[in-house]
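S.K.: Have a look at the structure that comes next, please.
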Amino acid sequence: MQQSLSITDVQGIEVGHHTDTRRPTGCSVVIAREGAVAGVDVRGGAPGTRETDLLDPTHLVEKVHAVMLAGGSAWGLDAASGAMRWLEEHGIGLNVGVGLVPLVPAAVLFDLHVGDGRIRPDAAAGYAACQAASRQRPEEGNVGAGAGATVGKLFGPEFSMKCGIATAAVRVGQVTVGALIACNAVGDVIDPSTSATVAGARMVDGKSLRDSTAALLRGERPHPLIAGSNTTIGVIATDVRLTKAQARRLAVSSHDGLARAISPVHTMTDGDTLFTLATGMVDEFPGMVVLAAMAAEAVALATLRAALTARAISTSNGLVLPAATDLAQS
């Protein structure tokens, strides 16, 4: 797949992954060493998050230092503690007089059904992700928070497909807006440019796509779903200066990109959560309408790439999960 701009093309942003080789799970960190004004918007009905209240525009703290994305459901929130330790060791954090307190909001996705769910990201995994962080283009697909990600689970996990984590960015003038998205949706991934389903719930033959939304409208009954067992999580970063209220608004607009690339989206069994980071390293300000359009486009492109860069896996508990490239070849 042709590479384009990524979230690390945003000035002041680094990304690192840690993938657990014992089963498909992991975590991904987005670091802003100089701090970044942050916002968040939670749309799914079953989120797993940490430090989101801190980002309310009416609350005190102005900047955070990293955002952690992890598998492992609520267990994976522990990865943020490892990031805090790494940041403190590197002199990064909020000075509270008696020391530094690194601020690391986090969100998790549910991948406990993919292999041995007793293996999940912990503080050591979060620390390792920070150690791996760089300004290089992040690896995509079955890595980090996307290692155990799947999509198309409305009609049972046996008909779902592998998805992953990916990045994309848009540049207008000197301003860059980038996204890092780990897609673990209950719905299907759609190509926004063609409206074609590229990954999602499969038919009984296992080789063709069902089109989940169309199936629901035909009257097909969805498989009983575990609450919170799906989620798309991500980070949108820009190098312009934003207030906390503007960062929050950008997070709201960023979900438009998920709506273009996932169907159905923002369900009661998804925990869809998007963070925004503004590093303030570019003086140009194109206006919130332009930034919102850029963010939604970056999110849509990254979500599509999360499906197209994923690779098929077979798990220790018997799941066989093909990827979009497998169905395209067949």
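By order in the structure tokens, chains are A, B, ...; within a chain, residues start at 1; ligands start at 1, following the order shown.
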List the spatial neighbours of Thr19 of chain A as a ChimeraX atom specification - criterion: any atom at most 7 Å away, only C-alpha atoms, same-chain residues fewer than 3 positions off excluded.
M.R.: /A:25-27,143-144,147
S.K.: Take the residues from that selection and put them in a file with C-alpha atoms, as a tab-separated table (two decimals), in the first residue's frame.
M.R.:
chain	number	residue	atom	x	y	z
A	25	THR	CA	-2.46	-7.89	22.05
A	26	GLY	CA	-0.42	-4.81	22.79
A	27	CYS	CA	-0.39	-1.06	23.31
A	143	VAL	CA	0.88	-4.29	16.06
A	144	GLY	CA	0.45	-2.41	19.32
A	147	ALA	CA	-2.61	-6.56	17.49
S.K.: Report as number ranges by chain all protein, DNA and RNA residues lying within 12 Å of Ala323 of chain A, evaluated on only C-alpha atoms, omitting residues in the same chain fewer than 2 positions from it.
M.R.: A: 141-142, 149-152, 159-164, 189, 198-202, 206-209, 305-314, 320-321, 325-330
S.K.: Can I get the selection written as a PDB file, in the first residue's frame, with C-alpha atoms?
M.R.:
ATOM      1  CA  GLY A 141      -1.548  -3.509  10.988  1.00  0.00           C
ATOM      2  CA  ASN A 142      -1.219  -6.271  13.605  1.00  0.00           C
ATOM      3  CA  ALA A 149      -8.334  -5.903  16.895  1.00  0.00           C
ATOM      4  CA  THR A 150     -11.206  -7.421  14.920  1.00  0.00           C
ATOM      5  CA  VAL A 151     -14.226  -6.084  13.028  1.00  0.00           C
ATOM      6  CA  GLY A 152     -17.598  -7.338  11.821  1.00  0.00           C
ATOM      7  CA  PHE A 159     -17.748 -14.545  10.999  1.00  0.00           C
ATOM      8  CA  SER A 160     -15.547 -11.577  11.989  1.00  0.00           C
ATOM      9  CA  MET A 161     -12.286 -10.436  10.408  1.00  0.00           C
ATOM     10  CA  LYS A 162      -8.895  -9.148  11.481  1.00  0.00           C
ATOM     11  CA  CYS A 163      -8.325  -5.405  11.665  1.00  0.00           C
ATOM     12  CA  GLY A 164      -5.511  -3.396  13.215  1.00  0.00           C
ATOM     13  CA  VAL A 189     -15.030  -0.991   7.656  1.00  0.00           C
ATOM     14  CA  VAL A 198     -13.636  -3.867   2.738  1.00  0.00           C
ATOM     15  CA  ALA A 199     -13.732  -5.823   6.021  1.00  0.00           C
ATOM     16  CA  GLY A 200     -16.497  -6.924   8.337  1.00  0.00           C
ATOM     17  CA  ALA A 201     -19.044  -9.643   8.978  1.00  0.00           C
ATOM     18  CA  ARG A 202     -18.742 -12.522   6.520  1.00  0.00           C
ATOM     19  CA  GLY A 206     -16.621 -17.289   4.993  1.00  0.00           C
ATOM     20  CA  LYS A 207     -15.455 -15.810   1.687  1.00  0.00           C
ATOM     21  CA  SER A 208     -17.903 -12.989   0.988  1.00  0.00           C
ATOM     22  CA  LEU A 209     -18.991  -9.979   3.015  1.00  0.00           C
ATOM     23  CA  ARG A 305      -5.762   1.646   6.446  1.00  0.00           C
ATOM     24  CA  ALA A 306      -6.306  -0.221   9.736  1.00  0.00           C
ATOM     25  CA  ALA A 307      -8.294  -2.785   7.749  1.00  0.00           C
ATOM     26  CA  LEU A 308      -6.103  -2.815   4.640  1.00  0.00           C
ATOM     27  CA  THR A 309      -2.801  -3.243   6.528  1.00  0.00           C
ATOM     28  CA  ALA A 310      -4.085  -6.008   8.829  1.00  0.00           C
ATOM     29  CA  ARG A 311      -3.047  -9.609   8.233  1.00  0.00           C
ATOM     30  CA  ALA A 312      -4.928 -12.874   8.857  1.00  0.00           C
ATOM     31  CA  ILE A 313      -4.370 -14.801  12.081  1.00  0.00           C
ATOM     32  CA  SER A 314      -5.431 -18.049  13.718  1.00  0.00           C
ATOM     33  CA  VAL A 320      -9.639 -18.066  12.190  1.00  0.00           C
ATOM     34  CA  LEU A 321      -9.648 -14.393  11.210  1.00  0.00           C
ATOM     35  CA  THR A 325      -6.414  -8.562   1.584  1.00  0.00           C
ATOM     36  CA  ASP A 326      -7.407 -12.243   1.805  1.00  0.00           C
ATOM     37  CA  LEU A 327     -10.988 -11.618   0.705  1.00  0.00           C
ATOM     38  CA  ALA A 328      -9.819  -9.283  -2.056  1.00  0.00           C
ATOM     39  CA  GLN A 329      -7.556 -12.016  -3.448  1.00  0.00           C
ATOM     40  CA  SER A 330     -10.306 -14.641  -3.291  1.00  0.00           C
TER      41      SER A 330
END
S.K.: For a test of reading the model, state the distance in Å between atom CA of Ala132 of chain A and atom CA of Asn95 of chain A, rounded to one decimal.
M.R.: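 If I compute the distance from atom CA of Ala132 of chain A to atom CA of Asn95 of chain A, I get 24.9 Å.
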S.K.: Might you pull out every residue within 10 Å of segment 55-67 of chain A, with only C-alpha atoms counted and same-chain residues fewer than 3 positions away left off, and present them as number ranges by chain?
M.R.: A: 13-15, 28-41, 50-52, 80, 83-84, 87, 92-94, 101-107, 130, 234-235, 243-248, 275-279
S.K.: Between A:Val96, A:Ile236, A:Ala166, A:Val186, single out the one closest to Thr213 of chain A, counting only C-alpha atoms.
M.R.: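 Result for the nearest residue to Thr213 of chain A: A:Val186.
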S.K.: Go through segment 4-216 of chain A and collect every residue that DSSP, computed from the backbone, puts in strand (DSSP E); the answer should be as a PyMOL selection string.
M.R.: chain A and resi 14-20+25-42+49-50+63-70+94-95+100-101+106-108+150-151+161-162+165-172+175-184+188-190+197-199
S.K.: If you run DSSP on this backbone, which residues of segment 130-298 of chain A come out as alpha helix (DSSP H), and could you give them as a ChimeraX atom specification?
M.R.: /A:130-131,212-218,244-261,288-298
S.K.: For each of A:Cys183, A:Val252, A:Ala169, A:Lys153, take the minimum atom-to-atom distance to Pro224 of chain A, counting only C-alpha atoms, then give the residue where this is smallest.
M.R.: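 Selected residue with least distance to Pro224 of chain A: A:Lys153.
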S.K.: For a quick check of understanding, using only C-alpha atoms, which of A:Ser263, A:Ser253, A:Ser73, A:Thr269 has the smallest distance to Thr49 of chain A?
M.R.: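 Closest residue, counting only C-alpha atoms: A:Ser73.
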S.K.: Rank nothing, just name the residue among A:Pro121, A:Gly72, A:Gly48, A:Gly173 nearest to Phe285 of chain A, using only C-alpha atoms.
M.R.: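 Checking each of A:Pro121, A:Gly72, A:Gly48, A:Gly173 against Phe285 of chain A, counting only C-alpha atoms, the winner is A:Gly173.
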S.K.: List as a list in words the protein and nucleic acid residues near Ala179 of chain A, meaning an atom at most 10 Å away when only C-alpha atoms are counted, but skip any in the same chain fewer than 5 places from it.
M.R.: Leu5, Ser6, Ile7, Thr8, Val10, Ala166, Thr167, Ala168, Ala169, Val170, Gly234, Val235, Ile236, Ala237, Thr238, Ser254, Leu274, Phe275, Thr276, Met294, Ala295, Ala296, Glu297, Ala298, Val299, Ala300, Leu301, Ala302 and Thr303 of chain A
S.K.: Could you tell me which of A:Ala185, A:Met268, A:Val108, A:Val98 comes closest to Ala46 of chain A if we count only C-alpha atoms?
M.R.: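 Comparing A:Ala185, A:Met268, A:Val108, A:Val98 against Ala46 of chain A, the winner is A:Met268.
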S.K.: Which residue out of A:Leu319, A:Ile190, A:Ala123, A:Ser212 has the minimum interatomic distance to Glu158 of chain A when only C-alpha atoms are used?
M.R.: A:Leu319
S.K.: Suppose you want the space between atom CA of Leu291 of chain A and atom CA of Ala261 of chain A; what is it in Å?
M.R.: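 Atom-to-atom, atom CA of Leu291 of chain A to atom CA of Ala261 of chain A, that is 18.7 Å.
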S.K.: When you draw a straight line from atom CA of Ala125 of chain A to atom CA of Leu69 of chain A, how long is it in Å?
M.R.: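 Straight-line distance from atom CA of Ala125 of chain A to atom CA of Leu69 of chain A works out to 11.3 Å.
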